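Engineer: Sending over query.cif (mmCIF, C-alpha atoms and all ligand atoms).
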```cif
data_start
loop_
_atom_site.label_atom_id
_atom_site.label_comp_id
_atom_site.auth_asym_id
_atom_site.auth_seq_id
_atom_site.Cartn_x
_atom_site.Cartn_y
_atom_site.Cartn_z
CA MET A 1 -14.31 -16.35 21.96
CA ARG A 2 -13.32 -19.10 19.55
CA THR A 3 -14.20 -19.05 15.87
CA ILE A 4 -13.70 -21.87 13.41
CA VAL A 5 -13.51 -20.90 9.74
CA HIS A 6 -13.98 -23.61 7.13
CA GLY A 7 -12.89 -23.32 3.48
CA ASP A 8 -10.05 -23.68 0.96
CA PHE A 9 -7.07 -21.67 2.18
CA ALA A 10 -4.24 -20.09 0.15
CA TYR A 11 -1.61 -17.84 1.73
CA SER A 12 2.10 -17.08 1.99
CA GLU A 13 4.36 -18.33 4.66
CA LYS A 14 7.59 -18.28 2.67
CA ILE A 15 8.18 -16.15 -0.37
CA THR A 16 9.13 -19.18 -2.46
CA GLU A 17 5.82 -21.01 -2.28
CA ILE A 18 2.10 -20.61 -1.79
CA SER A 19 0.76 -22.59 1.15
CA THR A 20 -2.65 -24.19 0.67
CA LEU A 21 -5.13 -26.28 2.60
CA LYS A 22 -8.23 -27.63 0.88
CA GLY A 23 -11.30 -28.10 3.02
CA GLY A 24 -9.42 -27.00 6.11
CA TYR A 25 -10.27 -25.22 9.35
CA MET A 26 -8.82 -22.01 10.71
CA VAL A 27 -8.99 -21.85 14.48
CA VAL A 28 -9.31 -18.29 15.74
CA GLU A 29 -9.16 -17.17 19.36
CA ASP A 30 -10.03 -13.57 20.16
CA GLY A 31 -9.40 -12.52 16.58
CA ARG A 32 -6.01 -14.21 16.32
CA ILE A 33 -5.12 -17.34 14.38
CA GLN A 34 -4.22 -20.36 16.52
CA GLY A 35 -3.65 -22.60 13.57
CA LEU A 36 -4.92 -24.15 10.35
CA VAL A 37 -5.95 -27.78 10.70
CA ALA A 38 -7.15 -30.42 8.28
CA GLU A 39 -9.57 -32.14 10.69
CA LYS A 40 -12.68 -30.42 11.95
CA PRO A 41 -12.11 -29.46 15.58
CA GLU A 42 -14.60 -30.60 18.18
CA LEU A 43 -17.08 -27.69 18.39
CA GLU A 44 -18.12 -26.29 21.73
CA ASP A 45 -21.36 -24.43 22.39
CA SER A 46 -19.64 -21.12 22.69
CA ASP A 47 -17.81 -21.52 19.35
CA ARG A 48 -18.79 -19.59 16.28
CA TYR A 49 -18.62 -21.66 13.10
CA LEU A 50 -18.15 -19.90 9.74
CA ASP A 51 -18.85 -22.35 6.96
CA PHE A 52 -17.31 -21.30 3.64
CA GLU A 53 -17.29 -24.76 2.12
CA GLY A 54 -15.85 -24.66 -1.40
CA ARG A 55 -14.85 -21.02 -1.18
CA LEU A 56 -11.32 -19.73 -1.56
CA ILE A 57 -9.99 -17.98 1.54
CA MET A 58 -6.97 -15.71 1.10
CA PRO A 59 -5.27 -12.92 3.06
CA GLY A 60 -6.26 -9.31 2.55
CA LEU A 61 -4.33 -7.25 0.02
CA ALA A 62 -1.91 -4.45 0.93
CA ASP A 63 -1.64 -1.27 -1.14
CA MET A 64 1.48 0.38 0.21
CA HIS A 65 1.38 3.55 -1.90
CA LEU A 66 -1.61 5.52 -3.11
CA HIS A 67 -2.76 9.11 -3.34
CA ALA A 68 -6.36 9.41 -2.11
CA PRO A 69 -7.00 12.87 -3.66
CA GLN A 70 -5.91 11.62 -7.08
CA PHE A 71 -8.78 9.13 -7.27
CA PRO A 72 -10.86 11.40 -9.57
CA ASN A 73 -7.89 11.55 -11.96
CA VAL A 74 -7.57 7.82 -12.55
CA GLY A 75 -6.98 7.24 -16.25
CA LEU A 76 -6.06 10.85 -17.06
CA GLY A 77 -2.80 12.31 -18.29
CA THR A 78 -0.90 9.14 -19.01
CA ASP A 79 0.78 10.55 -22.12
CA MET A 80 3.04 12.56 -19.85
CA GLU A 81 6.07 11.83 -17.75
CA LEU A 82 6.09 12.47 -14.02
CA LEU A 83 7.04 16.15 -13.70
CA GLN A 84 4.72 17.41 -16.44
CA TRP A 85 1.93 15.15 -15.18
CA LEU A 86 2.28 16.56 -11.64
CA GLU A 87 2.01 20.15 -12.91
CA THR A 88 -0.78 19.52 -15.40
CA TYR A 89 -3.09 17.08 -13.65
CA THR A 90 -2.08 16.32 -10.11
CA PHE A 91 -1.44 19.62 -8.39
CA PRO A 92 -4.61 21.27 -9.80
CA GLU A 93 -6.73 18.33 -8.59
CA GLU A 94 -5.11 18.21 -5.15
CA THR A 95 -5.76 21.93 -4.71
CA LYS A 96 -9.50 21.21 -4.62
CA TYR A 97 -9.18 19.55 -1.21
CA GLN A 98 -9.20 22.84 0.59
CA GLU A 99 -12.95 22.17 0.26
CA VAL A 100 -13.66 19.55 2.91
CA ASP A 101 -17.03 18.60 1.37
CA TYR A 102 -15.31 17.68 -1.87
CA ALA A 103 -12.67 15.76 0.09
CA GLN A 104 -15.33 13.85 1.98
CA LEU A 105 -17.14 12.82 -1.20
CA VAL A 106 -14.01 11.58 -2.96
CA TYR A 107 -12.55 9.90 0.11
CA LYS A 108 -15.75 7.97 0.85
CA LYS A 109 -15.83 6.71 -2.74
CA LEU A 110 -12.16 5.72 -2.56
CA ILE A 111 -12.45 3.88 0.75
CA ASN A 112 -15.52 2.02 -0.50
CA LYS A 113 -13.48 0.96 -3.52
CA LEU A 114 -10.52 -0.19 -1.41
CA TRP A 115 -12.92 -2.24 0.69
CA SER A 116 -14.54 -3.66 -2.41
CA VAL A 117 -11.27 -4.87 -3.99
CA GLY A 118 -10.06 -6.41 -0.73
CA THR A 119 -7.39 -3.85 0.19
CA LEU A 120 -7.41 -4.22 3.96
CA TYR A 121 -4.11 -2.36 4.51
CA SER A 122 -2.93 0.84 2.88
CA GLY A 123 -0.25 3.54 2.96
CA VAL A 124 -2.09 6.67 1.86
CA TYR A 125 -1.18 10.25 0.90
CA GLY A 126 -3.66 13.05 1.52
CA THR A 127 -2.98 16.62 0.41
CA ILE A 128 -1.22 19.55 2.07
CA HIS A 129 -4.52 20.49 3.71
CA GLU A 130 -4.73 19.63 7.39
CA GLU A 131 -8.51 19.61 7.58
CA ALA A 132 -9.08 17.41 4.54
CA SER A 133 -6.31 15.06 5.66
CA THR A 134 -7.99 14.68 9.04
CA LYS A 135 -11.26 13.99 7.21
CA LEU A 136 -9.48 11.22 5.27
CA TYR A 137 -8.08 9.89 8.53
CA ASP A 138 -11.48 9.88 10.25
CA LEU A 139 -13.11 8.09 7.33
CA PHE A 140 -10.47 5.36 7.51
CA VAL A 141 -11.09 5.02 11.24
CA GLU A 142 -14.82 4.75 10.56
CA SER A 143 -14.25 2.12 7.85
CA GLY A 144 -12.43 -0.25 10.21
CA LEU A 145 -9.67 -0.82 7.61
CA HIS A 146 -5.98 -0.58 8.50
CA SER A 147 -4.19 2.45 7.12
CA ARG A 148 -1.31 4.87 7.51
CA VAL A 149 -2.52 8.31 6.49
CA GLY A 150 -0.26 11.26 5.77
CA LYS A 151 -0.74 14.98 5.42
CA VAL A 152 1.49 15.84 2.48
CA ASN A 153 4.28 18.41 2.90
CA MET A 154 5.51 20.73 0.15
CA ASP A 155 7.14 24.11 0.74
CA ARG A 156 9.16 24.70 -2.45
CA ASN A 157 9.09 24.16 -6.22
CA ALA A 158 5.34 23.94 -6.25
CA PRO A 159 2.77 26.20 -7.96
CA ASP A 160 1.75 29.19 -5.85
CA PHE A 161 -1.82 27.86 -5.67
CA TYR A 162 -0.58 24.65 -4.02
CA VAL A 163 2.29 25.29 -1.65
CA GLU A 164 2.80 25.89 2.10
CA THR A 165 5.22 28.05 4.00
CA THR A 166 7.79 26.02 5.91
CA GLU A 167 6.36 27.25 9.17
CA ASP A 168 2.75 26.34 8.32
CA SER A 169 3.77 22.96 6.99
CA ILE A 170 5.54 22.00 10.23
CA ARG A 171 2.85 23.43 12.50
CA ASP A 172 -0.05 21.82 10.59
CA THR A 173 1.73 18.47 10.49
CA GLU A 174 2.29 18.38 14.22
CA ARG A 175 -1.31 19.42 14.81
CA PHE A 176 -2.49 16.69 12.43
CA ILE A 177 -0.44 14.12 14.34
CA LYS A 178 -1.57 15.18 17.80
CA ALA A 179 -5.23 15.38 16.84
CA ASN A 180 -5.27 11.89 15.30
CA LEU A 181 -2.60 9.74 16.93
CA ASP A 182 -4.81 8.10 19.55
CA LYS A 183 -8.03 7.71 17.59
CA SER A 184 -7.50 4.09 16.57
CA GLU A 185 -5.08 1.19 16.74
CA ARG A 186 -5.71 0.45 13.06
CA VAL A 187 -5.05 3.90 11.67
CA LYS A 188 -1.93 5.93 12.39
CA PRO A 189 -0.43 9.11 10.96
CA ILE A 190 2.57 8.75 8.67
CA ILE A 191 5.12 11.48 7.94
CA THR A 192 4.73 12.36 4.25
CA PRO A 193 7.24 14.70 2.60
CA ARG A 194 5.96 14.56 -0.99
CA PHE A 195 9.47 14.16 -2.43
CA VAL A 196 12.78 15.95 -2.14
CA PRO A 197 12.14 18.54 -4.89
CA THR A 198 9.12 19.99 -3.04
CA CYS A 199 10.61 20.01 0.49
CA THR A 200 13.27 22.38 1.81
CA ALA A 201 16.08 21.11 4.01
CA GLU A 202 14.54 22.95 6.95
CA LEU A 203 11.20 21.21 6.44
CA MET A 204 12.78 17.77 6.01
CA GLN A 205 14.81 18.31 9.17
CA ALA A 206 11.64 19.11 11.12
CA LEU A 207 9.77 16.15 9.64
CA GLY A 208 12.56 13.78 10.65
CA GLU A 209 12.30 15.14 14.17
CA LEU A 210 8.51 14.72 14.23
CA ALA A 211 8.82 11.12 13.03
CA ALA A 212 11.18 10.38 15.93
CA LYS A 213 9.22 12.38 18.51
CA TYR A 214 5.92 10.60 17.79
CA ASP A 215 7.48 7.31 16.69
CA LEU A 216 5.86 7.43 13.27
CA ALA A 217 6.56 5.75 9.95
CA VAL A 218 7.62 7.78 6.92
CA GLN A 219 6.53 7.60 3.28
CA SER A 220 7.80 9.35 0.19
CA HIS A 221 8.97 8.93 -3.42
CA LEU A 222 12.41 7.84 -4.57
CA ASP A 223 14.23 7.41 -7.89
CA GLU A 224 11.08 7.27 -10.00
CA ASN A 225 12.07 9.21 -13.11
CA LYS A 226 15.38 10.32 -14.61
CA SER A 227 14.49 14.03 -14.82
CA GLU A 228 13.36 13.91 -11.20
CA ILE A 229 16.68 12.35 -10.13
CA ASP A 230 18.68 14.97 -12.08
CA TRP A 231 16.63 17.65 -10.35
CA VAL A 232 17.34 16.21 -6.89
CA CYS A 233 21.06 16.03 -7.70
CA SER A 234 21.11 19.67 -8.76
CA LEU A 235 19.17 20.76 -5.65
CA HIS A 236 21.48 18.78 -3.33
CA PRO A 237 25.01 18.71 -4.73
CA GLU A 238 26.23 18.04 -1.18
CA SER A 239 24.52 14.64 -1.14
CA ASP A 240 25.83 11.44 -2.69
CA SER A 241 22.41 10.30 -3.80
CA TYR A 242 18.66 10.89 -3.65
CA SER A 243 18.41 8.41 -0.74
CA HIS A 244 21.16 10.19 1.16
CA VAL A 245 19.16 13.41 1.12
CA TYR A 246 16.35 11.66 3.01
CA GLU A 247 18.83 9.82 5.20
CA GLN A 248 20.56 13.03 6.21
CA PHE A 249 17.23 14.20 7.69
CA LYS A 250 16.36 10.86 9.37
CA LEU A 251 13.70 10.15 6.78
CA PHE A 252 15.25 6.98 5.40
CA GLY A 253 14.85 3.98 7.66
CA ALA A 254 15.41 5.66 11.03
CA GLN A 255 11.70 4.90 11.36
CA PRO A 256 9.85 2.27 9.27
CA THR A 257 9.83 3.83 5.81
CA LEU A 258 7.90 3.29 2.58
CA MET A 259 9.64 4.58 -0.53
CA GLY A 260 7.53 4.55 -3.68
CA HIS A 261 9.01 3.49 -7.04
CA CYS A 262 12.78 3.01 -6.44
CA ILE A 263 13.43 2.26 -10.10
CA TYR A 264 16.90 3.74 -10.57
CA CYS A 265 18.62 3.19 -7.19
CA ASN A 266 22.41 2.95 -7.45
CA GLU A 267 24.49 0.35 -5.62
CA ASP A 268 25.11 2.66 -2.73
CA GLU A 269 21.41 3.35 -2.25
CA LEU A 270 20.58 -0.34 -2.47
CA LYS A 271 23.08 -1.10 0.29
CA LEU A 272 21.54 1.60 2.44
CA MET A 273 18.06 0.19 1.83
CA ALA A 274 19.10 -3.34 2.65
CA ASN A 275 20.63 -2.18 5.93
CA THR A 276 17.81 0.06 7.14
CA ASP A 277 14.07 -0.25 7.67
CA VAL A 278 13.08 0.91 4.20
CA MET A 279 10.53 -0.88 2.04
CA ALA A 280 10.79 -0.27 -1.70
CA VAL A 281 7.23 -0.03 -2.96
CA HIS A 282 6.82 -1.24 -6.52
CA CYS A 283 4.04 0.52 -8.44
CA PRO A 284 3.98 -1.21 -11.83
CA PHE A 285 0.87 0.44 -13.31
CA SER A 286 2.17 3.90 -12.50
CA ASN A 287 5.64 3.12 -13.77
CA ALA A 288 4.19 1.95 -17.08
CA ASN A 289 1.70 4.83 -17.44
CA LEU A 290 4.15 7.64 -16.63
CA ILE A 291 6.86 6.07 -18.81
CA SER A 292 9.03 5.80 -15.71
CA GLY A 293 10.69 2.40 -16.05
CA ILE A 294 10.68 -1.00 -14.33
CA MET A 295 11.85 -1.69 -10.80
CA PRO A 296 14.24 -4.68 -10.81
CA VAL A 297 12.25 -6.34 -8.01
CA LYS A 298 13.93 -9.71 -8.14
CA ARG A 299 17.36 -8.17 -7.79
CA TYR A 300 16.22 -6.13 -4.78
CA LEU A 301 14.84 -9.23 -3.11
CA GLU A 302 18.11 -11.04 -3.66
CA LEU A 303 19.91 -8.14 -1.98
CA GLY A 304 17.66 -8.54 1.06
CA ILE A 305 15.65 -5.36 0.46
CA LYS A 306 12.04 -5.37 1.62
CA VAL A 307 9.61 -4.90 -1.24
CA GLY A 308 5.88 -4.15 -1.20
CA LEU A 309 3.38 -3.28 -3.92
CA GLY A 310 1.34 -0.15 -4.53
CA SER A 311 -1.36 1.04 -6.92
CA ASP A 312 0.01 4.61 -6.87
CA ILE A 313 -3.44 5.92 -7.76
CA SER A 314 -3.56 7.96 -10.02
CA GLY A 315 -0.15 7.48 -11.59
CA GLY A 316 -1.46 3.94 -11.62
CA ASN A 317 -4.97 3.34 -12.95
CA GLU A 318 -5.73 0.07 -11.16
CA VAL A 319 -6.97 0.00 -7.57
CA ASN A 320 -7.35 -3.77 -7.47
CA MET A 321 -4.11 -5.11 -5.97
CA ALA A 322 -4.70 -8.56 -7.51
CA LYS A 323 -4.10 -6.86 -10.87
CA VAL A 324 -1.07 -5.02 -9.47
CA ILE A 325 0.35 -8.40 -8.40
CA VAL A 326 -0.19 -9.69 -11.94
CA LEU A 327 1.41 -6.67 -13.63
CA SER A 328 4.40 -6.89 -11.29
CA MET A 329 5.00 -10.39 -12.64
CA GLN A 330 4.43 -9.36 -16.23
CA LEU A 331 6.82 -6.40 -16.10
CA SER A 332 9.45 -8.54 -14.39
CA LYS A 333 9.21 -10.96 -17.30
CA MET A 334 9.69 -8.12 -19.80
CA LEU A 335 12.72 -6.99 -17.82
CA ALA A 336 14.11 -10.52 -17.64
CA VAL A 337 13.86 -10.91 -21.41
CA HIS A 338 15.18 -7.43 -22.05
CA ASN A 339 18.18 -8.06 -19.80
CA ALA A 340 18.69 -11.55 -21.23
CA ASN A 341 18.19 -13.04 -17.76
CA PRO A 342 15.25 -15.23 -18.66
CA GLU A 343 15.11 -16.87 -15.22
CA ASP A 344 15.17 -13.59 -13.41
CA PHE A 345 11.44 -12.94 -13.15
CA LEU A 346 8.97 -12.82 -10.29
CA SER A 347 7.05 -16.03 -9.72
CA THR A 348 3.40 -16.10 -8.69
CA ALA A 349 4.42 -17.12 -5.18
CA GLU A 350 6.81 -14.18 -4.93
CA ALA A 351 4.42 -11.56 -6.29
CA PHE A 352 1.55 -12.85 -4.14
CA TYR A 353 3.78 -12.70 -1.06
CA LEU A 354 4.64 -9.07 -1.84
CA GLY A 355 0.97 -8.10 -2.18
CA THR A 356 -0.14 -9.83 1.04
CA LYS A 357 2.36 -10.79 3.71
CA ALA A 358 5.16 -8.33 2.87
CA GLY A 359 2.77 -5.39 2.94
CA GLY A 360 0.58 -6.70 5.75
CA GLU A 361 3.54 -7.07 8.11
CA PHE A 362 4.14 -3.33 7.94
CA PHE A 363 0.97 -3.13 10.09
CA GLY A 364 1.90 -5.89 12.55
CA LYS A 365 0.91 -9.55 12.42
CA HIS A 366 -1.17 -9.28 9.26
CA GLY A 367 -1.21 -10.75 5.79
CA SER A 368 -0.68 -14.45 6.49
CA PHE A 369 -2.46 -17.40 8.11
CA GLU A 370 0.37 -18.54 10.35
CA GLU A 371 -0.16 -18.97 14.04
CA GLY A 372 -0.25 -15.65 15.88
CA TYR A 373 -1.41 -13.61 12.90
CA GLU A 374 -4.66 -11.66 13.05
CA ALA A 375 -7.55 -13.52 11.43
CA ASP A 376 -7.81 -11.17 8.46
CA PHE A 377 -9.06 -12.74 5.25
CA LEU A 378 -11.08 -12.45 2.05
CA VAL A 379 -13.71 -15.02 1.11
CA VAL A 380 -13.77 -15.56 -2.66
CA ASP A 381 -16.54 -17.25 -4.60
CA ASP A 382 -14.92 -18.27 -7.86
CA ALA A 383 -17.64 -20.60 -9.16
CA ASP A 384 -18.63 -18.26 -12.00
CA TYR A 385 -15.34 -18.57 -13.89
CA LEU A 386 -14.18 -22.06 -12.93
CA ILE A 387 -14.56 -24.60 -15.72
CA ASN A 388 -12.19 -27.39 -14.75
CA ASP A 389 -11.36 -28.87 -11.39
CA LEU A 390 -8.40 -26.89 -10.13
CA THR A 391 -6.09 -27.13 -7.14
CA VAL A 392 -6.40 -24.41 -4.51
CA GLN A 393 -3.16 -22.87 -5.75
CA GLU A 394 -4.47 -22.80 -9.32
CA ARG A 395 -7.70 -21.19 -8.09
CA LEU A 396 -5.68 -18.49 -6.39
CA GLU A 397 -3.74 -17.88 -9.62
CA LYS A 398 -7.00 -17.75 -11.55
CA PHE A 399 -8.46 -15.24 -9.09
CA LEU A 400 -5.43 -12.97 -9.48
CA TYR A 401 -5.66 -13.01 -13.27
CA VAL A 402 -9.38 -13.25 -14.04
CA GLY A 403 -11.22 -12.69 -10.76
CA SER A 404 -12.72 -9.35 -9.83
CA GLU A 405 -14.08 -7.55 -6.80
CA GLN A 406 -17.45 -9.15 -7.54
CA ASN A 407 -15.95 -12.49 -6.55
CA ILE A 408 -15.03 -11.25 -3.06
CA VAL A 409 -18.06 -12.09 -0.95
CA HIS A 410 -16.71 -11.18 2.52
CA ARG A 411 -13.82 -9.29 4.10
CA TYR A 412 -12.74 -10.10 7.67
CA LEU A 413 -10.38 -8.35 10.08
CA SER A 414 -9.40 -10.00 13.38
CA GLY A 415 -12.18 -12.51 12.90
CA GLU A 416 -14.96 -9.94 12.32
CA VAL A 417 -16.74 -9.01 9.10
CA VAL A 418 -15.95 -5.57 7.73
CA GLU A 419 -19.06 -4.15 6.08
CA LYS A 420 -19.11 -1.73 3.15
CA PRO A 421 -17.95 1.48 4.84
CA PHE A 422 -20.16 4.17 3.31
CA ASP A 423 -23.62 4.33 1.89
CA ILE A 424 -23.08 6.54 -1.15
N1 LIG B 501 6.37 12.23 -7.01
C1 LIG B 501 5.95 13.30 -6.30
N2 LIG B 501 4.63 13.35 -6.21
C2 LIG B 501 4.17 12.27 -6.86
C3 LIG B 501 2.86 11.75 -7.11
O1 LIG B 501 1.84 12.31 -6.72
N3 LIG B 501 2.80 10.59 -7.82
C4 LIG B 501 3.92 9.95 -8.28
N4 LIG B 501 3.78 8.82 -8.97
N5 LIG B 501 5.14 10.43 -8.07
C5 LIG B 501 5.27 11.56 -7.37
FE FE B 502 3.08 8.29 -5.71
#
```
Once you've parsed the file, please lay out its structure as structure tokens.
Ligand code: GUN
Ligand code: FE
Structural biologist:
Amino acid sequence: MRTIVHGDFAYSEKITEISTLKGGYMVVEDGRIQGLVAEKPELEDSDRYLDFEGRLIMPGLADMHLHAPQFPNVGLGTDMELLQWLETYTFPEETKYQEVDYAQLVYKKLINKLWSVGTLYSGVYGTIHEEASTKLYDLFVESGLHSRVGKVNMDRNAPDFYVETTEDSIRDTERFIKANLDKSERVKPIITPRFVPTCTAELMQALGELAAKYDLAVQSHLDENKSEIDWVCSLHPESDSYSHVYEQFKLFGAQPTLMGHCIYCNEDELKLMANTDVMAVHCPFSNANLISGIMPVKRYLELGIKVGLGSDISGGNEVNMAKVIVLSMQLSKMLAVHNANPEDFLSTAEAFYLGTKAGGEFFGKHGSFEEGYEADFLVVDDADYLINDLTVQERLEKFLYVGSEQNIVHRYLSGEVVEKPFDI
């Protein structure tokens, strides 16, 4: 079936500029974009016509790093650095997910929120609990949103109320994969060692093997905080770097890999990232809250490293990726001034690209309006805050800075509306 979508389009093709088309038409065939055209195509009886005259139409947003069980903790504990914050706030909260009813309540609220803010694609951490992680997985399947969902692994250096044996961790992970792998094309399991300090070599070895065996992506944390890096170095004196520990176990680009934070990568690690399938996921709210530092995003891009953006709920306090896009620009400007490289900041086009196309492509042909991409988009009504006549590009900028979820009137995936997932 053919669908024609009418409206004012803004999207990324290239990282250097925002592509726009005012009063244009998106031609969609079987959920896939055939093209954007300026002239209204001749309509046939069987065509569906979606008239969003005057509305801004943009790609869905991609949150490439968030912790679903930390949603109740948003806004708490931000006077602490990473390791103390994990012990004090995060592990105690995550322990609660042995109760599946609690998990279900929180996860429904979270997925509703992701839907509301236009996050159509996500890389998500559950907890160590197999049952609650499968609940999270099933709720994503039910929502219709795209996601990669991981059961977290941790078999060392964790409190005794929140730790697994190596054997249980491997067995539960494989069971989680097998039970869920074929449930949906939009949701897939992702191998999720929490980070090196909480995973033994034996566990990481097994996880690398599971990633290869089931052809799964990997997600974890890397070079987020200086005490964390010192800890990794003391745990693995045999390794040249934090990244090399993962690499040694085939958890660093042997399969598509999302590494959260990547603030303090050395030259060697950057080379490795540029040459393998690793995406550095920038989480600016978290990095500010947990006093972690600033990822030099622009430098990574220049080195040819893939970069995406993440909320890192609840290290980060902002679920709305439009705001994450904005803070990524703002922090890059602080870094540029601080490093006396005033030109070396992220432009709006660059940051928008990272939050849409760069992340979306992790899931396939998503996150742009080029031919062959899935017809995934957000319809934005920005009339309430527009005062002057603006170009489509300026309206997109305005939405990122001052718009809110209330301005998103529809969310579409492959040409079909996605309704609010849960009635709670
Ligand atoms: N490193 C290991 N676990 C976590 C986590 O839950 N959040 C963040 N920000 N960093 C981590
Ligand atoms: Fe994280």
Engineer: How would you report the residues lying within 10 Å of ligand LIG 501 (chain B), as a PyMOL selection string, if you count only C-alpha atoms and all ligand atoms?
Structural biologist: chain A and resi 65-70+81-83+85-87+89-91+94+125-127+152+154+193-198+220-225+228+260-261+283+285-287+289-290+292+311-316
Engineer: Env of segment 352-364 of chain A: 8 Å cut, atoms = all atoms listed in the file, seq-sep filter 6 positions within chain, self excluded. Answer as a list of chain:residue names.
Structural biologist: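 Non-adjacent residues within range: A:Tyr11, A:Ser12, A:Glu13, A:Lys14, A:Ile15, A:Pro59, A:Gly60, A:Leu61, A:Ala62, A:Asp63, A:Met64, A:Tyr121, A:His146, A:Lys306, A:Val307, A:Gly308, A:Leu309, A:Met321, A:Ala322, A:Ile325.
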Engineer: What does the file look like for those residues with C-alpha atoms, as a PDB file, in the coordinates of the input?
Structural biologist:
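New file again_28.pdb:
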```pdb
ATOM      1  CA  TYR A  11      -1.610 -17.840   1.730  1.00  0.00           C
ATOM      2  CA  SER A  12       2.100 -17.080   1.990  1.00  0.00           C
ATOM      3  CA  GLU A  13       4.360 -18.330   4.660  1.00  0.00           C
ATOM      4  CA  LYS A  14       7.590 -18.280   2.670  1.00  0.00           C
ATOM      5  CA  ILE A  15       8.180 -16.150  -0.370  1.00  0.00           C
ATOM      6  CA  PRO A  59      -5.270 -12.920   3.060  1.00  0.00           C
ATOM      7  CA  GLY A  60      -6.260  -9.310   2.550  1.00  0.00           C
ATOM      8  CA  LEU A  61      -4.330  -7.250   0.020  1.00  0.00           C
ATOM      9  CA  ALA A  62      -1.910  -4.450   0.930  1.00  0.00           C
ATOM     10  CA  ASP A  63      -1.640  -1.270  -1.140  1.00  0.00           C
ATOM     11  CA  MET A  64       1.480   0.380   0.210  1.00  0.00           C
ATOM     12  CA  TYR A 121      -4.110  -2.360   4.510  1.00  0.00           C
ATOM     13  CA  HIS A 146      -5.980  -0.580   8.500  1.00  0.00           C
ATOM     14  CA  LYS A 306      12.040  -5.370   1.620  1.00  0.00           C
ATOM     15  CA  VAL A 307       9.610  -4.900  -1.240  1.00  0.00           C
ATOM     16  CA  GLY A 308       5.880  -4.150  -1.200  1.00  0.00           C
ATOM     17  CA  LEU A 309       3.380  -3.280  -3.920  1.00  0.00           C
ATOM     18  CA  MET A 321      -4.110  -5.110  -5.970  1.00  0.00           C
ATOM     19  CA  ALA A 322      -4.700  -8.560  -7.510  1.00  0.00           C
ATOM     20  CA  ILE A 325       0.350  -8.400  -8.400  1.00  0.00           C
TER      21      ILE A 325
END
```
Engineer: Quick one: what's the axis-aligned box for segment 88-106 of chain A, all listed atoms, 3 Å on every side, centre and edges in Å to one decimal, as lines of an AutoDock Vina configuration file?
Structural biologist:
```
center_x = -9.0
center_y = 17.2
center_z = -6.2
size_x = 22.4
size_y = 17.3
size_z = 24.3
```
Engineer: So what do you get for atom CA of Ile305 of chain A versus atom CA of Cys233 of chain A, distance-wise?
Structural biologist: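 Going from atom CA of Ile305 of chain A over to atom CA of Cys233 of chain A covers 23.5 Å.
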Engineer: Report the distance between atom CA of Val281 of chain A and atom CA of Cys262 of chain A in Å, rounded to one decimal place.
Structural biologist: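 Those two atoms sit 7.2 Å apart.
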Engineer: With only C-alpha atoms counted, which protein, DNA or RNA residues have an atom no more than 12 Å from (18.7, -9.2, -16.6) in the file frame? Please answer as a list in words.
Structural biologist: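 Checked against the point, the hits come out as Ile294, Met295, Pro296, Val297, Lys298, Arg299, Ser332, Lys333, Met334, Leu335, Ala336, Val337, His338, Asn339, Ala340, Asn341, Pro342, Glu343, Asp344 and Phe345 of chain A.
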Engineer: For Lys250 of chain A, which residue among A:Leu203, A:Val117, A:Ala10, A:Leu235 is the nearest when counting only C-alpha atoms?
Structural biologist: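 Of all the options, A:Leu203 lies closest to Lys250 of chain A.
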Engineer: What does the structure give for the distance between atom CA of Asp277 of chain A and atom CA of Ile263 of chain A, in Å to one decimal?
Structural biologist: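 Between these atoms lies a distance of 18.0 Å.
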Engineer: Skip Val392 of chain A itself and residues of its chain fewer than 2 positions away, then list as a ChimeraX atom specification all residues within 7 Å of it, counting all atoms listed in the file.
Structural biologist: /A:8,10,20,22,390,394-396
Engineer: Pick from A:Gly310, A:Gly208, A:Gly293, A:Pro189: nearest to ligand FE 502 (chain B), with all atoms listed in the file counted?
Structural biologist: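 For ligand FE 502 (chain B), the nearest of the given residues is A:Gly310.
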Engineer: Show which residues sit within 8 Å of Ile191 of chain A, as a ChimeraX atom specification. Count only C-alpha atoms, and ignore same-chain residues fewer than 3 positions away.
Structural biologist: /A:150-152,207,210-211,216-219
Engineer: Skip segment 103-106 of chain A itself and residues of its chain fewer than 3 positions away, then list as a ChimeraX atom specification all residues within 12 Å of it, counting only C-alpha atoms.
Structural biologist: /A:67-73,93-100,109-113,126-127,129-140,422-424
Engineer: Pick out the closest residue to Ala383 of chain A from this set: A:Asp30, A:Asn266, A:Gly54, A:Leu181. Count all atoms listed in the file.
Structural biologist: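 Closest to Ala383 of chain A, using all atoms listed in the file: A:Gly54.
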Engineer: Please produce, as CSV, a per-residue contact table for segment 5-91 of chain A versus segment 407-420 of chain A (criterion: any atom at most 9 Å away, only C-alpha atoms considered), showing the nearest atom pair and its distance in Å to one decimal, sorted by chain then residue number.
Structural biologist:
```
residue,atom,partner,partner_atom,distance
A:Val28,CA,A:Gly415,CA,7.1
A:Glu29,CA,A:Gly415,CA,8.5
A:Asp30,CA,A:Gly415,CA,7.6
A:Gly31,CA,A:Ser414,CA,4.1
A:Arg32,CA,A:Ser414,CA,6.2
A:Ile33,CA,A:Ser414,CA,8.6
A:Gly60,CA,A:Arg411,CA,7.7
```
Engineer: Using C-alpha atoms, can you export the residues from the last selection as an mmCIF file, keeping the file's coordinate frame?
Structural biologist:
```
data_model
loop_
_atom_site.group_PDB
_atom_site.id
_atom_site.type_symbol
_atom_site.label_atom_id
_atom_site.label_comp_id
_atom_site.auth_asym_id
_atom_site.auth_seq_id
_atom_site.Cartn_x
_atom_site.Cartn_y
_atom_site.Cartn_z
ATOM 1 C CA VAL A 28 -9.310 -18.290 15.740
ATOM 2 C CA GLU A 29 -9.160 -17.170 19.360
ATOM 3 C CA ASP A 30 -10.030 -13.570 20.160
ATOM 4 C CA GLY A 31 -9.400 -12.520 16.580
ATOM 5 C CA ARG A 32 -6.010 -14.210 16.320
ATOM 6 C CA ILE A 33 -5.120 -17.340 14.380
ATOM 7 C CA GLY A 60 -6.260 -9.310 2.550
#
```
